[in-house]
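K.L.:
Take this structure first; my questions come after.
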Amino acid sequence: MKLFSERLYILLLFVIAILSFWQVAFLQYPLKYDMIDCSYPWRFIVAEHLQHGMLPLWNPYQGLGYPLFADIQSGASWYLPVWVIGYFFGYNIYTLSAEFVLHIFAAGLGMFFLGKSLRLSLHTSFLMGCAYMLSGFFTAHAQHFTLIAGATWLPYITAWYINIYKNGKLSDVILLALFIFLFVSGGYPTYIIITFYLLSVLTILMIIKLIKQNQIKRLKHFLKNSLLLLVFTISICAVVIVSISDIAQEITRTAGVSLDATMLNPFSPQSAISFLLPYASINDMAFYNTDMSMSNAYIGIVILGFFIFGFLIRFRRERMLFLLLGIVFMLIAMGDYLPLRQFLYDHIPFMNMFRFPSVLRLYTVFGFIVFSAYAIEYFLQHYQSSSKKLRYIALSFVILFVAVIIYARTTTYLEIRNFIQHAPFNFASDTYRMQHIAFQSFIQICVMTALLLILFFVKKRTHAVYAVSVLLIFEMLLAVHLNAPYTVYEKKFKQKDVYAHHKAEFVKGFDSPKLQPIKDHNDAAFSYGPFWRNMSNFHKVISKDAFTSLILNNYNDLLVNYPDLLNKTIKKPHLFLTHQVAPMGSYEKMFCKKDAFIPIAAYTLPDIEEEKATGGHLEVVSFKPTEVIVKTNTNSLQMLVFVQNYYRGWQVFVNNKEVPLIKTNVSMMGTMVPKGENLVVFSFEKPYVVKSFKISSLSLFVIIIFLLYKFLFKKIKKTR
């Protein structure tokens with residue numbers, strides 16, 4: 001069924017995306033939590049590199065320095081949208097908000113294209129897109145950009161994979177490779193692993209199907225396209241693959257996390273109430289035994305009605321696959337409430353590397369919406385015969401929600417009048433769960449009653465479809481706006497004030513940080529309004545503070561096993577000279593007397609004449625993230641310590657001659673400088689990363705040129 005043109009449907013999706021988060025889209029309130037603590041500073045530092053003509057290879061500010069190029073979990077270093085926004089506009093609260101809203105729209109658009117790939121009508125595809133971008137997943141995870149990015153590109157990958165199987169066009173293969181690159185470079189690593197497994201299983205099933213049907217020609221074509229997809233994907237993702245390979249053995253996460261950590265923040269059985277009443281899922285989190293961002297899987301009460309209706313019509317294999325996907329991942333998302341998550345942890349590779357089982361409910365939301373879409377399609381084609389069954393479903397919901405309100409009222413005094421005056425569309429910390437349940441139950445009664453009236457009294461199919469569609473969208477928009485103050489934006493602050501603070505306080509460029517004690521550069525000292533973590537990225541000071549899951553092994557060793565040495569080190573500036581050097585083996589004995597401890601194997605240098613070492617002077621000539629030039633002047637041999645995490649790729653040159661780079665104080669870097677005046681250069685180089693970046697860039701350029709020729713130039717040629 002086609003009520004509008006395809007372009008108008010896409011325009012409507014864009015308008016609805018803006019309306020769903022208008023407080024962010026119209027630059028009123030800032031995003032909150034991890035979006036401000038993580039995504040904003042990481043995107044800001046990547047943009048700073050790009051705008052100063054540098055690849056984002058090393059971040060010297062956060063956590064005493066780390067390889068920025070390999071921070072895949074940040075979803076920033078190689079993510080194409082970040083590069084476009086960062087290079088041309090830079091990052092501030094306005095560009096961050098725009099990127100977020102555009103991702104919401106792109107997610108809905110991707111679901112729209114998936115509907116088309118499944119050969120559903122444009123209107124059904126449009127409703128799929130609306131339901132997806134207005135779902136509880138996006139509302140709950142508005143603070144988690146990598147989850148949003150992963151969810152955005154998942155429908156595109158699914159749609160174009162189906163296109164390859166059905167059509168087998170080269171343009172489909174190339175587009176899928178591009179979407180995989182966006183998914184891998186910007187999405188949540190867990191989704192990369194899960195989607196890889198799903199696509200692998202699906203590919204095997206399709207090959208088996210083609211063999212059984214004896215479609216040898218089509219099988220060869222599918223295998224050829226699969227091989228081309230592999231080649232294109234590897235080439236465009238080269239920089240991400242090389243980056244992950246480079247850091248894999250250097251971080252704590254590669255070893256996996258404990259089983260207890262794996263079970264943290266499940267989609268608890270209690271959270272299943274969010275399928276009916278998402279407004280209830282953000283109050284009394286102790287009851288839900290999970291985080292507020294992990295308890296919402298809402299797909300819309302009207303969509304849920306169609307989901308139930310889907311069991312009353314003829315099943316098709318495609319529908320069953322999406323239903324099975326949704327059910328299986330809902331069970332896995334429940335964590336330690338069921339044995340499935342532990343089974344995967346124990347037996348499936350890489351499934352011991354991530355926490356938060358509830359994030360896997362993305363596949364539940366995704367699968368259930370697609371399953372429901374087939375029921376919507378049936379409704380559009382068989383309106384009269386479908387109406388009776390849908391009326392029973394709607395009436396059942398009305399009875400259910402009336403019973404819920406009665407139960408809520410019998411258990412406690414609801415004070416609904418006071419609740420309505422103060423709670424809706426605000427972050428209300430003084431309300432309780434039963435109030436949220438009763439309030440939204442009343443809303444759902446109104447919605448289901450409206451649906452009943454449409455099904456009873458609207459006889460013309462087109463009018464009924466219009467009415468049901470408007471009801472579906474309105475109801476989901478309302479659900480988004482009830483929950484948004486809790487999980488999307490911060491009403492205590494205005495975006496204009498955040499932007500003004502950014503302009504006044506955040507540092508542009510890479511001037512040399514002052515040689516001050518590192519301990520003075522902590523997040524608390526720079527906190528303001530919604531900002532309170534990873535602040536060193538904005539102020540361009542070197543700090544030990546870092547809110548991140550990327551932790552280098554040697555830095556973790558320093559944090560956990562040598563906290564006193566870390567505290568002693570950060571009392572110094574990020575560059576300092578010392579003659580108080582000792583081998584690591586004498587750490588406990590010499591801790592109070594020495595400033596620098598180095599491996600015993602490296603302690604083969606000439607003894608420092610302590611009686612002559614009366615200090616020295618250093619001057620920072622130039623400071624860039626990947627190159628620091630220092631002049632030293634000492635009256636004896638001394639050690640120059642650079643308080644940055646030791647990592648492969650760093651080199652040091654004294655007077656244009658490469659000298660040994662010594663791991664100092666477990667995780668830092670240092671080198672010996674002779675007496676007199678010296679020019680010392682610390683340089684970070686990753687030639688393989690640079691080469692892989694060139695391969696990815698060239699591949700991306702070729703793909704874009706091909707797609708422009710395919711879809712733009714040919715269309716222009718046809719119109720002439």
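Each chain in the structure tokens gets a letter, A, B and so on, in the order shown; residues start at 1 in every chain, and ligands are counted from 1 in the order they appear.
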I need the residues of stretch 447-628 of chain A that end up classed as strand (DSSP E or B) by DSSP on the backbone, written out as a VMD selection string.

P.N.:
chain A and resid 489 528 531 552 575 to 578 581 to 583 596 to 598 616 to 624 627 to 628

K.L.:
Skipping near chain neighbours, those fewer than 5 positions away, what residues fall within 12 Å of A:Gly53 using only C-alpha atoms, listed as a PyMOL selection string?

P.N.:
chain A and resi 46-48+83+86-87+509-510+624-625

K.L.:
Write out as a list in words which residues come within 8 Å of A:Ser125 when counting only C-alpha atoms, dropping same-chain ones fewer than 4 positions away.

P.N.:
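Once the nearby chain positions are removed, what remains is Met111, Phe112, Phe113, Leu114, Gly115, Lys116, Leu120, Ser121, Gly129 and Ala373 of chain A.
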
K.L.:
Export all heavy atoms of the chosen residues as a PDB file, in the first residue's frame?

P.N.:
```pdb
ATOM      1  N   MET A 111      15.627   1.274   8.629  1.00  0.00           N
ATOM      2  CA  MET A 111      14.520   0.326   8.793  1.00  0.00           C
ATOM      3  C   MET A 111      13.537   0.446   7.624  1.00  0.00           C
ATOM      4  O   MET A 111      12.951  -0.551   7.183  1.00  0.00           O
ATOM      5  CB  MET A 111      13.819   0.600  10.116  1.00  0.00           C
ATOM      6  CG  MET A 111      13.172  -0.609  10.741  1.00  0.00           C
ATOM      7  SD  MET A 111      14.372  -1.880  11.171  1.00  0.00           S
ATOM      8  CE  MET A 111      13.446  -2.841  12.355  1.00  0.00           C
ATOM      9  N   PHE A 112      13.371   1.656   7.133  1.00  0.00           N
ATOM     10  CA  PHE A 112      12.530   1.880   5.953  1.00  0.00           C
ATOM     11  C   PHE A 112      13.081   1.109   4.750  1.00  0.00           C
ATOM     12  O   PHE A 112      12.341   0.422   4.030  1.00  0.00           O
ATOM     13  CB  PHE A 112      12.474   3.380   5.653  1.00  0.00           C
ATOM     14  CG  PHE A 112      11.705   3.752   4.419  1.00  0.00           C
ATOM     15  CD1 PHE A 112      10.317   3.760   4.425  1.00  0.00           C
ATOM     16  CD2 PHE A 112      12.364   4.103   3.250  1.00  0.00           C
ATOM     17  CE1 PHE A 112       9.598   4.115   3.278  1.00  0.00           C
ATOM     18  CE2 PHE A 112      11.662   4.459   2.104  1.00  0.00           C
ATOM     19  CZ  PHE A 112      10.275   4.464   2.126  1.00  0.00           C
ATOM     20  N   PHE A 113      14.394   1.192   4.542  1.00  0.00           N
ATOM     21  CA  PHE A 113      15.015   0.457   3.433  1.00  0.00           C
ATOM     22  C   PHE A 113      14.940  -1.053   3.649  1.00  0.00           C
ATOM     23  O   PHE A 113      14.796  -1.812   2.685  1.00  0.00           O
ATOM     24  CB  PHE A 113      16.469   0.900   3.269  1.00  0.00           C
ATOM     25  CG  PHE A 113      16.632   2.267   2.677  1.00  0.00           C
ATOM     26  CD1 PHE A 113      17.580   3.150   3.172  1.00  0.00           C
ATOM     27  CD2 PHE A 113      15.842   2.687   1.625  1.00  0.00           C
ATOM     28  CE1 PHE A 113      17.728   4.426   2.633  1.00  0.00           C
ATOM     29  CE2 PHE A 113      15.978   3.951   1.068  1.00  0.00           C
ATOM     30  CZ  PHE A 113      16.930   4.824   1.581  1.00  0.00           C
ATOM     31  N   LEU A 114      15.038  -1.476   4.904  1.00  0.00           N
ATOM     32  CA  LEU A 114      14.916  -2.908   5.182  1.00  0.00           C
ATOM     33  C   LEU A 114      13.528  -3.403   4.803  1.00  0.00           C
ATOM     34  O   LEU A 114      13.390  -4.488   4.214  1.00  0.00           O
ATOM     35  CB  LEU A 114      15.194  -3.184   6.661  1.00  0.00           C
ATOM     36  CG  LEU A 114      14.980  -4.630   7.125  1.00  0.00           C
ATOM     37  CD1 LEU A 114      15.843  -5.600   6.320  1.00  0.00           C
ATOM     38  CD2 LEU A 114      15.273  -4.768   8.614  1.00  0.00           C
ATOM     39  N   GLY A 115      12.506  -2.613   5.139  1.00  0.00           N
ATOM     40  CA  GLY A 115      11.154  -2.990   4.744  1.00  0.00           C
ATOM     41  C   GLY A 115      11.031  -3.148   3.242  1.00  0.00           C
ATOM     42  O   GLY A 115      10.395  -4.083   2.744  1.00  0.00           O
ATOM     43  N   LYS A 116      11.646  -2.229   2.498  1.00  0.00           N
ATOM     44  CA  LYS A 116      11.627  -2.336   1.033  1.00  0.00           C
ATOM     45  C   LYS A 116      12.345  -3.600   0.567  1.00  0.00           C
ATOM     46  O   LYS A 116      11.897  -4.277  -0.360  1.00  0.00           O
ATOM     47  CB  LYS A 116      12.276  -1.101   0.418  1.00  0.00           C
ATOM     48  CG  LYS A 116      11.464   0.186   0.526  1.00  0.00           C
ATOM     49  CD  LYS A 116      12.165   1.342  -0.166  1.00  0.00           C
ATOM     50  CE  LYS A 116      12.384   1.056  -1.640  1.00  0.00           C
ATOM     51  NZ  LYS A 116      13.114   2.153  -2.318  1.00  0.00           N
ATOM     52  N   LEU A 120       8.048  -5.320   1.512  1.00  0.00           N
ATOM     53  CA  LEU A 120       6.862  -4.800   2.161  1.00  0.00           C
ATOM     54  C   LEU A 120       6.502  -3.471   1.513  1.00  0.00           C
ATOM     55  O   LEU A 120       7.329  -2.845   0.843  1.00  0.00           O
ATOM     56  CB  LEU A 120       7.128  -4.607   3.658  1.00  0.00           C
ATOM     57  CG  LEU A 120       7.505  -5.874   4.441  1.00  0.00           C
ATOM     58  CD1 LEU A 120       7.895  -5.534   5.865  1.00  0.00           C
ATOM     59  CD2 LEU A 120       6.352  -6.879   4.428  1.00  0.00           C
ATOM     60  N   SER A 121       5.287  -3.029   1.708  1.00  0.00           N
ATOM     61  CA  SER A 121       4.844  -1.778   1.097  1.00  0.00           C
ATOM     62  C   SER A 121       5.595  -0.594   1.697  1.00  0.00           C
ATOM     63  O   SER A 121       6.162  -0.677   2.791  1.00  0.00           O
ATOM     64  CB  SER A 121       3.346  -1.596   1.309  1.00  0.00           C
ATOM     65  OG  SER A 121       3.069  -1.379   2.685  1.00  0.00           O
ATOM     66  N   GLY A 129      10.168   2.094  10.261  1.00  0.00           N
ATOM     67  CA  GLY A 129      11.174   3.097  10.585  1.00  0.00           C
ATOM     68  C   GLY A 129      10.774   3.936  11.779  1.00  0.00           C
ATOM     69  O   GLY A 129      11.603   4.219  12.657  1.00  0.00           O
ATOM     70  N   ALA A 373       5.891  -5.990  11.492  1.00  0.00           N
ATOM     71  CA  ALA A 373       5.672  -5.316  10.211  1.00  0.00           C
ATOM     72  C   ALA A 373       4.923  -6.217   9.231  1.00  0.00           C
ATOM     73  O   ALA A 373       4.093  -5.727   8.437  1.00  0.00           O
ATOM     74  CB  ALA A 373       7.007  -4.885   9.611  1.00  0.00           C
TER      75      ALA A 373
END
```

K.L.:
Quote the spacing between atom CA of A:Gln73 and atom CA of A:Arg341 in Å to one decimal place.

P.N.:
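According to the coordinates, atom CA of A:Gln73 and atom CA of A:Arg341 are separated by 21.6 Å.
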
K.L.:
Residues at most 10 Å from stretch 6-21 of chain A, counting only C-alpha atoms, excluding those fewer than 6 positions away in the same chain, as a PyMOL selection string?

P.N.:
chain A and resi 97-98+100-109+112+122-123+125-127+129-130+133-134+139+142+473-474+476-481+484+488-489

K.L.:
Give the helix (DSSP H, G or I) residues of stretch 69-253 of chain A, as DSSP finds them on the backbone, and put them as an MDAnalysis selection string.

P.N.:
chainID A and resid 69:70 72:74 80:88 93:117 122:133 136:140 145:166 170:186 189:212 216:236 238:247 252:253

K.L.:
Using only C-alpha atoms, pick whichever of A:Val82, A:Tyr288, A:Met353, A:Leu205 has the shortest atom-to-atom distance to A:Ser549.

P.N.:
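Among the listed residues, the smallest separation from A:Ser549 belongs to A:Met353.
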
K.L.:
Here is a test: counting only C-alpha atoms, which residue of A:Leu558, A:Val689, A:Lys593, A:Pro189 is nearest to A:Lys663?

P.N.:
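Closest to A:Lys663 of all the choices is A:Leu558.
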